[in-house]
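Only one structure is covered here, and it is reproduced in the block below.
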2 protein chains.
Amino acid sequence: MYFGAQISLYPMTDNFVGVIMSALGALDPYREQLRIETDDLSTLLVGPPEAVIPAMRDMFVAAAKTGVHCTLSATISRGCPGEPHDSRCDSPQLDGPLAPLAERQAHALQAVLQAPDLACEIAAQFSLYVMGTDDHMDEIYGCIDFLKQSGVLDRPKNFCTRLGGDAGAVLAALEAAICSFGPPQGHVTIDLTASANSPTPR
Amino acid sequence: MYFGAQISLYPMTDNFVGVIMSALGALDPYREQLRIETDDLSTLLVGPPEAVIPAMRDMFVAAAKTGVHCTLSATISRGCPGEPHDSRCDSPQLDGPLAPLAERQAHALQAVLQAPDLACEIAAQFSLYVMGTDDHMDEIYGCIDFLKQSGVLDRPKNFCTRLGGDAGAVLAALEAAICSFGPPQGHVTIDLTASANSPTPR
């Protein structure tokens, strides 16, 4: 299994370099669990979902708490056939056979309920892509049904689903979305945009 | 067929609202061909690929030419089974049966060769997702082979492919990527990040 993300943080301020450099400190507690590589376009995080997703969450929350309008763009991927196996990515969330949909939805809801409250309101939109199967829309609709119960669903948009709420709950929902829908060994990705402190009315 | 994109422009400056509002003017020549809707997270463009992709290109180039570091994030989608048919999106690029791969690659290369020179150097990375088939990686590798000939391939990265060059050629390559790989009536998406004027060394 290979799990990871390419993430980019965009602070809309003249001091964007300072905000980014400071927010990168939030990755420090995760450095032992993750492979981290940065270039001018994005930062790669490779490891288990239970480290990759909280790491990107904490980095984004650190930037959002400066009060500056900032966004996070992420390409999250698991099981890409073009990537090698990496035992660093092994996770109980991606183990075993495909459980019945209702069981996976209940597990996903539990994860959102147990998410920490980070006192950081965000908006987000994401697309979930399940490759290599001819029933990919069933899995996507199954994920949307879970989100309807989760408390973080805002509304559907063309090509994506909009979420809103505390960063703890929203990122827990996204971690559940990519781990619980599509086969555990399948190729599943998320295209994510998250935003904090936007001055634009919704 | 349904074709469109959710696009977001991020200028890294205190004056981000001014840069965005000014760049939106670049969409004006395309307004008759496109459905355009904006909220605080993104702008939706719906129409044929030959209008959607140049519209997002021109908006990004307008922002980049201010000299400010700015990025464009886009979720580009065609044939999503969850979207209605919209004749506004009809395109000769998405018509007819699936041609042999070599023919599609040659057509894609022609499109890049004929792209306008916009005197705007950009970097980009993207992921191409082909849903609903069990040979999605063949189409993705077919696209990468086309890019190797295109002059805009920079290097592979985990989960995505990095491009670089003039915005005219790079966006032409992306339009060819989403139109020419995967079945013409299939569900195909691109997750795109583009960047201009970054102060960060590569």
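By order in the structure tokens, chains are A, B, ...; within a chain, residues start at 1; ligands start at 1, following the order shown.
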
Please tabulate, as CSV, the residues of chain B that come within 6 Å of chain A, each with its closest pair of atoms and the distance in Å to one decimal, counting only C-alpha atoms and ordering rows by chain, then residue number upward.
residue,atom,partner,partner_atom,distance
B:Met12,CA,A:Met12,CA,4.5
B:Thr13,CA,A:Thr13,CA,4.2
B:Asp14,CA,A:Thr13,CA,4.3
B:Asp39,CA,A:Arg202,CA,5.6
B:Asp40,CA,A:Arg202,CA,5.2
B:Met131,CA,A:Met131,CA,5.2
B:Gly132,CA,A:Asp134,CA,4.3
B:Thr133,CA,A:Gly132,CA,5.5
B:Asp134,CA,A:Gly132,CA,4.3
B:Thr200,CA,A:Asp40,CA,5.3
B:Arg202,CA,A:Asp40,CA,5.2

Dump as a PDB file, in the first residue's frame, selection limited to N, CA, C and O atoms:
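Output (again35.pdb):
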ATOM      1  N   MET B  12      -0.743  35.629  -3.960  1.00  0.00           N
ATOM      2  CA  MET B  12      -0.127  35.728  -2.633  1.00  0.00           C
ATOM      3  C   MET B  12       0.281  37.180  -2.361  1.00  0.00           C
ATOM      4  O   MET B  12       1.462  37.546  -2.381  1.00  0.00           O
ATOM      5  N   THR B  13      -0.747  38.011  -2.099  1.00  0.00           N
ATOM      6  CA  THR B  13      -0.521  39.424  -1.841  1.00  0.00           C
ATOM      7  C   THR B  13      -1.662  39.954  -0.979  1.00  0.00           C
ATOM      8  O   THR B  13      -2.783  39.426  -1.034  1.00  0.00           O
ATOM      9  N   ASP B  14      -1.354  41.029  -0.216  1.00  0.00           N
ATOM     10  CA  ASP B  14      -2.422  41.681   0.564  1.00  0.00           C
ATOM     11  C   ASP B  14      -3.552  42.139  -0.352  1.00  0.00           C
ATOM     12  O   ASP B  14      -4.702  42.200   0.051  1.00  0.00           O
ATOM     13  N   ASP B  39     -18.553  31.255  -6.045  1.00  0.00           N
ATOM     14  CA  ASP B  39     -18.797  31.415  -4.614  1.00  0.00           C
ATOM     15  C   ASP B  39     -17.451  31.706  -3.945  1.00  0.00           C
ATOM     16  O   ASP B  39     -16.491  32.061  -4.637  1.00  0.00           O
ATOM     17  N   ASP B  40     -17.392  31.596  -2.633  1.00  0.00           N
ATOM     18  CA  ASP B  40     -16.169  31.978  -1.926  1.00  0.00           C
ATOM     19  C   ASP B  40     -15.054  30.953  -2.072  1.00  0.00           C
ATOM     20  O   ASP B  40     -13.914  31.219  -1.678  1.00  0.00           O
ATOM     21  N   MET B 131     -12.089   7.066 -14.846  1.00  0.00           N
ATOM     22  CA  MET B 131     -12.948   6.223 -14.013  1.00  0.00           C
ATOM     23  C   MET B 131     -13.744   5.228 -14.848  1.00  0.00           C
ATOM     24  O   MET B 131     -13.965   5.428 -16.050  1.00  0.00           O
ATOM     25  N   GLY B 132     -14.214   4.184 -14.177  1.00  0.00           N
ATOM     26  CA  GLY B 132     -15.172   3.272 -14.790  1.00  0.00           C
ATOM     27  C   GLY B 132     -14.549   2.274 -15.745  1.00  0.00           C
ATOM     28  O   GLY B 132     -15.260   1.606 -16.484  1.00  0.00           O
ATOM     29  N   THR B 133     -13.226   2.145 -15.736  1.00  0.00           N
ATOM     30  CA  THR B 133     -12.567   1.138 -16.580  1.00  0.00           C
ATOM     31  C   THR B 133     -11.509   0.437 -15.737  1.00  0.00           C
ATOM     32  O   THR B 133     -11.026   0.994 -14.754  1.00  0.00           O
ATOM     33  N   ASP B 134     -11.146  -0.780 -16.145  1.00  0.00           N
ATOM     34  CA  ASP B 134     -10.088  -1.461 -15.397  1.00  0.00           C
ATOM     35  C   ASP B 134      -8.727  -1.278 -16.071  1.00  0.00           C
ATOM     36  O   ASP B 134      -7.750  -1.889 -15.661  1.00  0.00           O
ATOM     37  N   THR B 200      10.359  30.642  -4.652  1.00  0.00           N
ATOM     38  CA  THR B 200      11.035  29.453  -4.119  1.00  0.00           C
ATOM     39  C   THR B 200      11.874  28.801  -5.210  1.00  0.00           C
ATOM     40  O   THR B 200      11.365  28.568  -6.309  1.00  0.00           O
ATOM     41  N   ARG B 202      13.383  25.834  -7.325  1.00  0.00           N
ATOM     42  CA  ARG B 202      12.749  24.547  -7.631  1.00  0.00           C
ATOM     43  C   ARG B 202      13.399  23.402  -6.891  1.00  0.00           C
ATOM     44  O   ARG B 202      14.565  23.348  -6.688  1.00  0.00           O
TER      45      ARG B 202
END

Near-Asp145 in chain B list (12 Å; only C-alpha atoms; drop same-chain fewer than 3 positions) as an NGL selection string: :B and (101-102 or 104-106 or 108-109 or 138-142 or 148-153 or 156 or 161 or 177 or 181)

Could you take the residues named above and write them with N, CA and C atoms, as a PDB file, in the first residue's frame?
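And here's again32.pdb as it stands now:
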ATOM      1  N   LEU B 101      -4.668   4.557 -29.673  1.00  0.00           N
ATOM      2  CA  LEU B 101      -3.870   5.420 -28.800  1.00  0.00           C
ATOM      3  C   LEU B 101      -2.875   6.274 -29.583  1.00  0.00           C
ATOM      4  N   ALA B 102      -2.184   5.686 -30.559  1.00  0.00           N
ATOM      5  CA  ALA B 102      -1.152   6.425 -31.289  1.00  0.00           C
ATOM      6  C   ALA B 102      -1.763   7.617 -32.036  1.00  0.00           C
ATOM      7  N   ARG B 104      -4.470   9.268 -31.119  1.00  0.00           N
ATOM      8  CA  ARG B 104      -4.823  10.294 -30.124  1.00  0.00           C
ATOM      9  C   ARG B 104      -3.586  11.037 -29.635  1.00  0.00           C
ATOM     10  N   GLN B 105      -2.477  10.304 -29.475  1.00  0.00           N
ATOM     11  CA  GLN B 105      -1.234  10.951 -29.042  1.00  0.00           C
ATOM     12  C   GLN B 105      -0.741  11.949 -30.102  1.00  0.00           C
ATOM     13  N   ALA B 106      -0.854  11.573 -31.373  1.00  0.00           N
ATOM     14  CA  ALA B 106      -0.415  12.461 -32.454  1.00  0.00           C
ATOM     15  C   ALA B 106      -1.286  13.723 -32.497  1.00  0.00           C
ATOM     16  N   ALA B 108      -2.880  15.030 -29.955  1.00  0.00           N
ATOM     17  CA  ALA B 108      -2.545  15.828 -28.775  1.00  0.00           C
ATOM     18  C   ALA B 108      -1.269  16.640 -29.015  1.00  0.00           C
ATOM     19  N   LEU B 109      -0.272  16.003 -29.653  1.00  0.00           N
ATOM     20  CA  LEU B 109       0.982  16.705 -29.942  1.00  0.00           C
ATOM     21  C   LEU B 109       0.761  17.884 -30.878  1.00  0.00           C
ATOM     22  N   ASP B 138      -3.328   2.288 -18.228  1.00  0.00           N
ATOM     23  CA  ASP B 138      -2.860   2.284 -19.621  1.00  0.00           C
ATOM     24  C   ASP B 138      -3.100   3.647 -20.266  1.00  0.00           C
ATOM     25  N   GLU B 139      -4.263   4.220 -19.999  1.00  0.00           N
ATOM     26  CA  GLU B 139      -4.568   5.535 -20.567  1.00  0.00           C
ATOM     27  C   GLU B 139      -3.663   6.609 -19.958  1.00  0.00           C
ATOM     28  N   ILE B 140      -3.413   6.485 -18.643  1.00  0.00           N
ATOM     29  CA  ILE B 140      -2.556   7.465 -17.971  1.00  0.00           C
ATOM     30  C   ILE B 140      -1.119   7.364 -18.511  1.00  0.00           C
ATOM     31  N   TYR B 141      -0.610   6.153 -18.661  1.00  0.00           N
ATOM     32  CA  TYR B 141       0.745   5.997 -19.225  1.00  0.00           C
ATOM     33  C   TYR B 141       0.769   6.472 -20.688  1.00  0.00           C
ATOM     34  N   GLY B 142      -0.332   6.270 -21.407  1.00  0.00           N
ATOM     35  CA  GLY B 142      -0.423   6.772 -22.781  1.00  0.00           C
ATOM     36  C   GLY B 142      -0.332   8.286 -22.820  1.00  0.00           C
ATOM     37  N   LYS B 148       5.914  13.226 -22.961  1.00  0.00           N
ATOM     38  CA  LYS B 148       7.366  13.112 -23.164  1.00  0.00           C
ATOM     39  C   LYS B 148       7.795  13.725 -24.492  1.00  0.00           C
ATOM     40  N   GLN B 149       6.888  13.740 -25.476  1.00  0.00           N
ATOM     41  CA  GLN B 149       7.183  14.325 -26.794  1.00  0.00           C
ATOM     42  C   GLN B 149       6.797  15.803 -26.874  1.00  0.00           C
ATOM     43  N   SER B 150       6.061  16.303 -25.857  1.00  0.00           N
ATOM     44  CA  SER B 150       5.355  17.582 -26.012  1.00  0.00           C
ATOM     45  C   SER B 150       6.222  18.802 -25.764  1.00  0.00           C
ATOM     46  N   GLY B 151       7.366  18.622 -25.115  1.00  0.00           N
ATOM     47  CA  GLY B 151       8.200  19.773 -24.767  1.00  0.00           C
ATOM     48  C   GLY B 151       7.809  20.447 -23.470  1.00  0.00           C
ATOM     49  N   VAL B 152       6.696  20.045 -22.834  1.00  0.00           N
ATOM     50  CA  VAL B 152       6.302  20.696 -21.580  1.00  0.00           C
ATOM     51  C   VAL B 152       6.404  19.756 -20.373  1.00  0.00           C
ATOM     52  N   LEU B 153       6.864  18.509 -20.590  1.00  0.00           N
ATOM     53  CA  LEU B 153       7.035  17.614 -19.447  1.00  0.00           C
ATOM     54  C   LEU B 153       8.263  18.040 -18.652  1.00  0.00           C
ATOM     55  N   PRO B 156       8.160  13.384 -13.489  1.00  0.00           N
ATOM     56  CA  PRO B 156       7.104  12.753 -12.698  1.00  0.00           C
ATOM     57  C   PRO B 156       7.309  13.086 -11.229  1.00  0.00           C
ATOM     58  N   THR B 161       2.111  14.573 -12.274  1.00  0.00           N
ATOM     59  CA  THR B 161       3.140  14.814 -13.284  1.00  0.00           C
ATOM     60  C   THR B 161       3.384  16.315 -13.360  1.00  0.00           C
ATOM     61  N   ALA B 177      -4.822  16.398 -22.739  1.00  0.00           N
ATOM     62  CA  ALA B 177      -4.791  15.276 -21.786  1.00  0.00           C
ATOM     63  C   ALA B 177      -6.201  14.866 -21.386  1.00  0.00           C
ATOM     64  N   PHE B 181      -7.557  11.205 -23.633  1.00  0.00           N
ATOM     65  CA  PHE B 181      -7.262   9.949 -22.928  1.00  0.00           C
ATOM     66  C   PHE B 181      -8.485   9.529 -22.127  1.00  0.00           C
TER      67      PHE B 181
END

Point-to-point distance in Å for CA of Pro183 in chain A and CA of Gln114 in chain A: 23.7 Å

6 Å contact set for Cys120 in chain B, only C-alpha atoms, chain neighbours under 2 positions out, as an MDAnalysis selection string: chainID B and resid 118 166:167

Those in range 5-183 of chain B with strand (DSSP E) from DSSP, as a PyMOL selection string: chain B and resi 5-11+35-38+43-46+70-78+121-131+153-157+160-166

Counting only C-alpha atoms, the option among B:Tyr30, B:Phe60, B:Tyr2, B:Phe146 closest to Gly168 in chain B: B:Phe60
